[in-house]
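Before any comments, here is the structure.
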Amino acid sequence: GEGEIARQVRALVGPDVPIAAALDLHGNISEEFVNTVDVLAGFRTYPHIDMADTGAAAARLLDHVMQTGTRPAKAFRRMSYLVPIPFQTTDMQPAKGLYENLTEVEAQGALSASLFMGFPAADIADCGPTAVAYAETQAAADAAADAVADAYAAAESEFDNDTFTPDAAVAYAARAAKGAGQGPVVIADTQDNPGAGGVSATTGMLRALIDADAQDAAIGLIVDPHSAAQAHELGEGARAVFRIGGHPGLPDDSPVEVEAVVEMLSEGKVKAIGPYYGGTMLDLGPSACLRIGGVRVAVSTRIAQMADREMFRFVGIAPEMQKILVVKSSTHFRADFTPSAREIIVARAPGPMPFDPADLPFTRLREGLRLSPNGPVFGAARAAAARPDTGGSTGGVQI
């Protein structure tokens, strides 16, 4: 989309007016886009808490162009493998080091260097990681882009981090919560992250909590307008059977039918004050806290990624006081939850958005791109197998 916007802007203003852009770290950047704009800067944090800083960086590059009257030399590189969304986080290695390295690359002579990790769930030829660098000379720009690309290539094996099944995640969290330290063990329910195509309603992690008789545990948000309305009709303190969550597009993800207590009701007006939302007012609609034994469920009417502790507090759940927290998010929650978390782990409960890009039915990627670190390579045979008209997948991913 941004590529088409840039094309139309260039057509409107002509070749002499400089164009600057600031883009998400997850940008799938085309060479055409880089050639169309004069300068480009990318986010350096995931969770994304540096949007304003990135806009300022793009403005400084634009100012340089306007002050000098010349366009800097530019260099663009494509890299060879995709990375699962949760492990792109700049809070942990190796992404943390890759983004810290950009400052060093700029200190070595580049005006600007950006690493775009790409957003894997995009079946387009331009999907994937890229490096973009600007400098006073073409040699310096090429050296900077090569340095970013080489560092990314060298980090491939370091991206192999652990994930858990739902039951294993809850069992691990329960054990860890008994150890030294304070705060909850936070479990990212990554395959139902509404920031990447999830519905924030799947029940795999909720079932695992209930089956384990977890205590001092909470999960949110479960987007379920019917359960929220039922809770409001019954009132606080009521006990009733609810059918919570469920995603009809997934096998065996039926609602959890269970008796629960309505602990607290809310109209869903939330000021999300953490670093990611930054004071944004959210309207989650009629919402409730439903308690099932030692498990509390934050149920809402409207969808939003669980990336702020206020999204538990608004229904009376104190996140810092829990032993286990399950969040419908992949990474953005880290900005607000990390300071109070004992530990953070990633679970792969069934969900609409696969953790591993290799599980997606790609048909249009560029030949030779590895679909995960040290993983399978995309090619014509894989594309043909994914097309419905060749007897392959219908595009529905079962996990």
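Just so we're on the same page: first chain in the structure tokens is A, next is B, and so on; residues restart at 1 for each chain, and ligands are numbered from 1 in the order they show up.
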- Item | DSSP-assigned strand (DSSP E) members of region 173-265 of chain A, reported as a PyMOL selection string | chain A and resi 185-189+217-223+239-244+256-265
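Using only C-alpha atoms, the residues found no farther than 9 Å from Val270 (chain A), other than those of its own chain fewer than 6 positions away, are Thr280, Met281, Leu282, Asp283, Leu284, Glu310, Met311 and Phe314 of chain A.
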Could those residues be written to a file, using all heavy atoms, as a PDB file, in the first residue's frame?
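Result file part.pdb:
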```pdb
ATOM      1  N   THR A 280      -3.668   5.892  24.930  1.00  0.00           N
ATOM      2  CA  THR A 280      -4.817   5.752  24.025  1.00  0.00           C
ATOM      3  C   THR A 280      -6.068   5.349  24.801  1.00  0.00           C
ATOM      4  O   THR A 280      -6.017   4.513  25.697  1.00  0.00           O
ATOM      5  CB  THR A 280      -4.512   4.672  22.961  1.00  0.00           C
ATOM      6  OG1 THR A 280      -3.395   5.087  22.186  1.00  0.00           O
ATOM      7  CG2 THR A 280      -5.713   4.454  22.040  1.00  0.00           C
ATOM      8  N   MET A 281      -7.196   5.929  24.439  1.00  0.00           N
ATOM      9  CA  MET A 281      -8.475   5.536  25.004  1.00  0.00           C
ATOM     10  C   MET A 281      -9.051   4.390  24.170  1.00  0.00           C
ATOM     11  O   MET A 281      -9.234   4.520  22.963  1.00  0.00           O
ATOM     12  CB  MET A 281      -9.452   6.707  25.025  1.00  0.00           C
ATOM     13  CG  MET A 281      -9.098   7.799  26.012  1.00  0.00           C
ATOM     14  SD  MET A 281      -9.057   7.226  27.741  1.00  0.00           S
ATOM     15  CE  MET A 281     -10.716   6.560  27.946  1.00  0.00           C
ATOM     16  N   LEU A 282      -9.315   3.276  24.816  1.00  0.00           N
ATOM     17  CA  LEU A 282      -9.895   2.112  24.159  1.00  0.00           C
ATOM     18  C   LEU A 282     -11.361   1.982  24.575  1.00  0.00           C
ATOM     19  O   LEU A 282     -11.702   2.215  25.738  1.00  0.00           O
ATOM     20  CB  LEU A 282      -9.147   0.835  24.551  1.00  0.00           C
ATOM     21  CG  LEU A 282      -7.634   0.814  24.340  1.00  0.00           C
ATOM     22  CD1 LEU A 282      -7.060  -0.506  24.836  1.00  0.00           C
ATOM     23  CD2 LEU A 282      -7.282   1.035  22.877  1.00  0.00           C
ATOM     24  N   ASP A 283     -12.192   1.600  23.642  1.00  0.00           N
ATOM     25  CA  ASP A 283     -13.592   1.314  23.944  1.00  0.00           C
ATOM     26  C   ASP A 283     -13.832  -0.159  23.620  1.00  0.00           C
ATOM     27  O   ASP A 283     -14.072  -0.521  22.468  1.00  0.00           O
ATOM     28  CB  ASP A 283     -14.517   2.214  23.127  1.00  0.00           C
ATOM     29  CG  ASP A 283     -15.986   2.012  23.501  1.00  0.00           C
ATOM     30  OD1 ASP A 283     -16.270   1.129  24.334  1.00  0.00           O
ATOM     31  OD2 ASP A 283     -16.838   2.737  22.954  1.00  0.00           O
ATOM     32  N   LEU A 284     -13.753  -1.000  24.647  1.00  0.00           N
ATOM     33  CA  LEU A 284     -13.867  -2.442  24.475  1.00  0.00           C
ATOM     34  C   LEU A 284     -15.297  -2.934  24.598  1.00  0.00           C
ATOM     35  O   LEU A 284     -15.548  -4.133  24.487  1.00  0.00           O
ATOM     36  CB  LEU A 284     -12.974  -3.154  25.495  1.00  0.00           C
ATOM     37  CG  LEU A 284     -11.482  -2.798  25.401  1.00  0.00           C
ATOM     38  CD1 LEU A 284     -10.705  -3.437  26.542  1.00  0.00           C
ATOM     39  CD2 LEU A 284     -10.910  -3.221  24.055  1.00  0.00           C
ATOM     40  N   GLU A 310      -3.585  -2.217  31.951  1.00  0.00           N
ATOM     41  CA  GLU A 310      -4.899  -1.666  32.233  1.00  0.00           C
ATOM     42  C   GLU A 310      -6.013  -2.511  31.620  1.00  0.00           C
ATOM     43  O   GLU A 310      -7.167  -2.452  32.064  1.00  0.00           O
ATOM     44  CB  GLU A 310      -5.000  -0.229  31.717  1.00  0.00           C
ATOM     45  CG  GLU A 310      -4.134   0.768  32.466  1.00  0.00           C
ATOM     46  CD  GLU A 310      -4.523   0.906  33.925  1.00  0.00           C
ATOM     47  OE1 GLU A 310      -5.736   0.902  34.222  1.00  0.00           O
ATOM     48  OE2 GLU A 310      -3.605   1.022  34.768  1.00  0.00           O
ATOM     49  N   MET A 311      -5.683  -3.310  30.622  1.00  0.00           N
ATOM     50  CA  MET A 311      -6.676  -4.149  29.969  1.00  0.00           C
ATOM     51  C   MET A 311      -7.024  -5.367  30.815  1.00  0.00           C
ATOM     52  O   MET A 311      -7.961  -6.102  30.485  1.00  0.00           O
ATOM     53  CB  MET A 311      -6.182  -4.543  28.580  1.00  0.00           C
ATOM     54  CG  MET A 311      -5.986  -3.331  27.666  1.00  0.00           C
ATOM     55  SD  MET A 311      -5.130  -3.701  26.126  1.00  0.00           S
ATOM     56  CE  MET A 311      -6.395  -4.587  25.234  1.00  0.00           C
ATOM     57  N   PHE A 314      -9.116  -3.082  34.264  1.00  0.00           N
ATOM     58  CA  PHE A 314     -10.440  -2.459  34.093  1.00  0.00           C
ATOM     59  C   PHE A 314     -11.570  -3.393  34.478  1.00  0.00           C
ATOM     60  O   PHE A 314     -12.714  -2.959  34.685  1.00  0.00           O
ATOM     61  CB  PHE A 314     -10.607  -1.926  32.657  1.00  0.00           C
ATOM     62  CG  PHE A 314     -11.086  -2.943  31.652  1.00  0.00           C
ATOM     63  CD1 PHE A 314     -12.361  -2.843  31.100  1.00  0.00           C
ATOM     64  CD2 PHE A 314     -10.270  -3.980  31.234  1.00  0.00           C
ATOM     65  CE1 PHE A 314     -12.816  -3.764  30.163  1.00  0.00           C
ATOM     66  CE2 PHE A 314     -10.708  -4.905  30.299  1.00  0.00           C
ATOM     67  CZ  PHE A 314     -11.983  -4.794  29.762  1.00  0.00           C
TER      68      PHE A 314
END
```
- Message: Which residues are close to Ala110 (chain A), i.e. within 12 Å by only C-alpha atoms, leaving aside same-chain residues fewer than 5 positions away? Reply as a ChimeraX atom specification.
- Response: /A:61,72-75,102-105,132-148
- Message: Please list as an NGL selection string every residue within 6 Å of region 257-264 of chain A, counting only C-alpha atoms and excluding residues in the same chain fewer than 6 positions away.
- Response: :A and (236-243 or 288-292 or 315)
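Among the candidate residues A:Asn101, A:Tyr276, A:Ser30, A:Ile19, the one lying nearest to Ala59 (chain A) is A:Ile19, with distances computed using only C-alpha atoms.
Omitting Met66 (chain A) and its sequence neighbours fewer than 6 positions away, and counting only C-alpha atoms, the residues within 12 Å are Asp16, Val17, Pro18, Ile19, Ala20, Asp38, Val39, Ala59, Arg60 and Pro72 of chain A.
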Find the residues around Ala21 (chain A) up to 9 Å (only C-alpha atoms counted), leave out those fewer than 5 positions away in its own chain, and share them as a PDB file with all heavy atoms, in the first residue's frame.
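Full text of selection12.pdb as output:
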```
ATOM      1  N   ALA A   6       3.437   6.108  -2.429  1.00  0.00           N
ATOM      2  CA  ALA A   6       4.656   6.804  -2.830  1.00  0.00           C
ATOM      3  C   ALA A   6       4.683   7.042  -4.336  1.00  0.00           C
ATOM      4  O   ALA A   6       5.099   8.115  -4.799  1.00  0.00           O
ATOM      5  CB  ALA A   6       5.881   6.001  -2.397  1.00  0.00           C
ATOM      6  N   VAL A  37      11.191   6.993  -3.158  1.00  0.00           N
ATOM      7  CA  VAL A  37      11.389   8.008  -2.114  1.00  0.00           C
ATOM      8  C   VAL A  37      12.865   8.372  -2.045  1.00  0.00           C
ATOM      9  O   VAL A  37      13.736   7.657  -2.537  1.00  0.00           O
ATOM     10  CB  VAL A  37      10.889   7.511  -0.747  1.00  0.00           C
ATOM     11  CG1 VAL A  37       9.410   7.149  -0.822  1.00  0.00           C
ATOM     12  CG2 VAL A  37      11.712   6.342  -0.233  1.00  0.00           C
ATOM     13  N   ASP A  38      13.150   9.497  -1.412  1.00  0.00           N
ATOM     14  CA  ASP A  38      14.538   9.954  -1.312  1.00  0.00           C
ATOM     15  C   ASP A  38      15.215   9.468  -0.045  1.00  0.00           C
ATOM     16  O   ASP A  38      16.413   9.180  -0.047  1.00  0.00           O
ATOM     17  CB  ASP A  38      14.581  11.482  -1.380  1.00  0.00           C
ATOM     18  CG  ASP A  38      14.089  11.988  -2.723  1.00  0.00           C
ATOM     19  OD1 ASP A  38      14.826  11.835  -3.708  1.00  0.00           O
ATOM     20  OD2 ASP A  38      12.966  12.503  -2.787  1.00  0.00           O
ATOM     21  N   VAL A  39      14.464   9.398   1.032  1.00  0.00           N
ATOM     22  CA  VAL A  39      15.007   8.899   2.294  1.00  0.00           C
ATOM     23  C   VAL A  39      13.928   8.101   3.025  1.00  0.00           C
ATOM     24  O   VAL A  39      12.730   8.360   2.869  1.00  0.00           O
ATOM     25  CB  VAL A  39      15.522  10.045   3.203  1.00  0.00           C
ATOM     26  CG1 VAL A  39      16.791  10.647   2.634  1.00  0.00           C
ATOM     27  CG2 VAL A  39      14.460  11.122   3.392  1.00  0.00           C
ATOM     28  N   LEU A  40      14.385   7.138   3.810  1.00  0.00           N
ATOM     29  CA  LEU A  40      13.489   6.201   4.467  1.00  0.00           C
ATOM     30  C   LEU A  40      14.094   5.817   5.811  1.00  0.00           C
ATOM     31  O   LEU A  40      15.284   5.522   5.904  1.00  0.00           O
ATOM     32  CB  LEU A  40      13.323   4.959   3.584  1.00  0.00           C
ATOM     33  CG  LEU A  40      12.634   3.726   4.142  1.00  0.00           C
ATOM     34  CD1 LEU A  40      11.192   4.030   4.485  1.00  0.00           C
ATOM     35  CD2 LEU A  40      12.710   2.585   3.121  1.00  0.00           C
ATOM     36  N   ALA A  41      13.278   5.815   6.870  1.00  0.00           N
ATOM     37  CA  ALA A  41      13.731   5.381   8.189  1.00  0.00           C
ATOM     38  C   ALA A  41      12.738   4.369   8.746  1.00  0.00           C
ATOM     39  O   ALA A  41      11.526   4.484   8.521  1.00  0.00           O
ATOM     40  CB  ALA A  41      13.849   6.578   9.140  1.00  0.00           C
ATOM     41  N   GLY A  42      13.248   3.369   9.469  1.00  0.00           N
ATOM     42  CA  GLY A  42      12.397   2.323  10.028  1.00  0.00           C
ATOM     43  C   GLY A  42      12.452   2.283  11.538  1.00  0.00           C
ATOM     44  O   GLY A  42      13.452   2.663  12.155  1.00  0.00           O
ATOM     45  N   GLY A  55       9.851   9.027  13.171  1.00  0.00           N
ATOM     46  CA  GLY A  55       9.408  10.188  12.400  1.00  0.00           C
ATOM     47  C   GLY A  55      10.427  11.308  12.448  1.00  0.00           C
ATOM     48  O   GLY A  55      10.701  11.974  11.437  1.00  0.00           O
ATOM     49  N   ALA A  58      13.361  10.445  10.162  1.00  0.00           N
ATOM     50  CA  ALA A  58      13.032  10.708   8.762  1.00  0.00           C
ATOM     51  C   ALA A  58      13.056  12.213   8.482  1.00  0.00           C
ATOM     52  O   ALA A  58      13.523  12.653   7.419  1.00  0.00           O
ATOM     53  CB  ALA A  58      11.663  10.118   8.427  1.00  0.00           C
ATOM     54  N   ALA A  59      12.584  13.014   9.444  1.00  0.00           N
ATOM     55  CA  ALA A  59      12.592  14.464   9.266  1.00  0.00           C
ATOM     56  C   ALA A  59      14.026  15.006   9.194  1.00  0.00           C
ATOM     57  O   ALA A  59      14.307  15.928   8.413  1.00  0.00           O
ATOM     58  CB  ALA A  59      11.827  15.131  10.405  1.00  0.00           C
TER      59      ALA A  59
END
```
- Proximity to Gly118 (chain A) - best of A:Leu82, A:Val199, A:Ala149, A:Met321, only C-alpha atoms: A:Leu82
- If we count only C-alpha atoms, what is near Gly245 (chain A) at a cut-off of 8 Å, once residues fewer than 3 positions away on the same chain are taken out, given as a count of residues only? 9
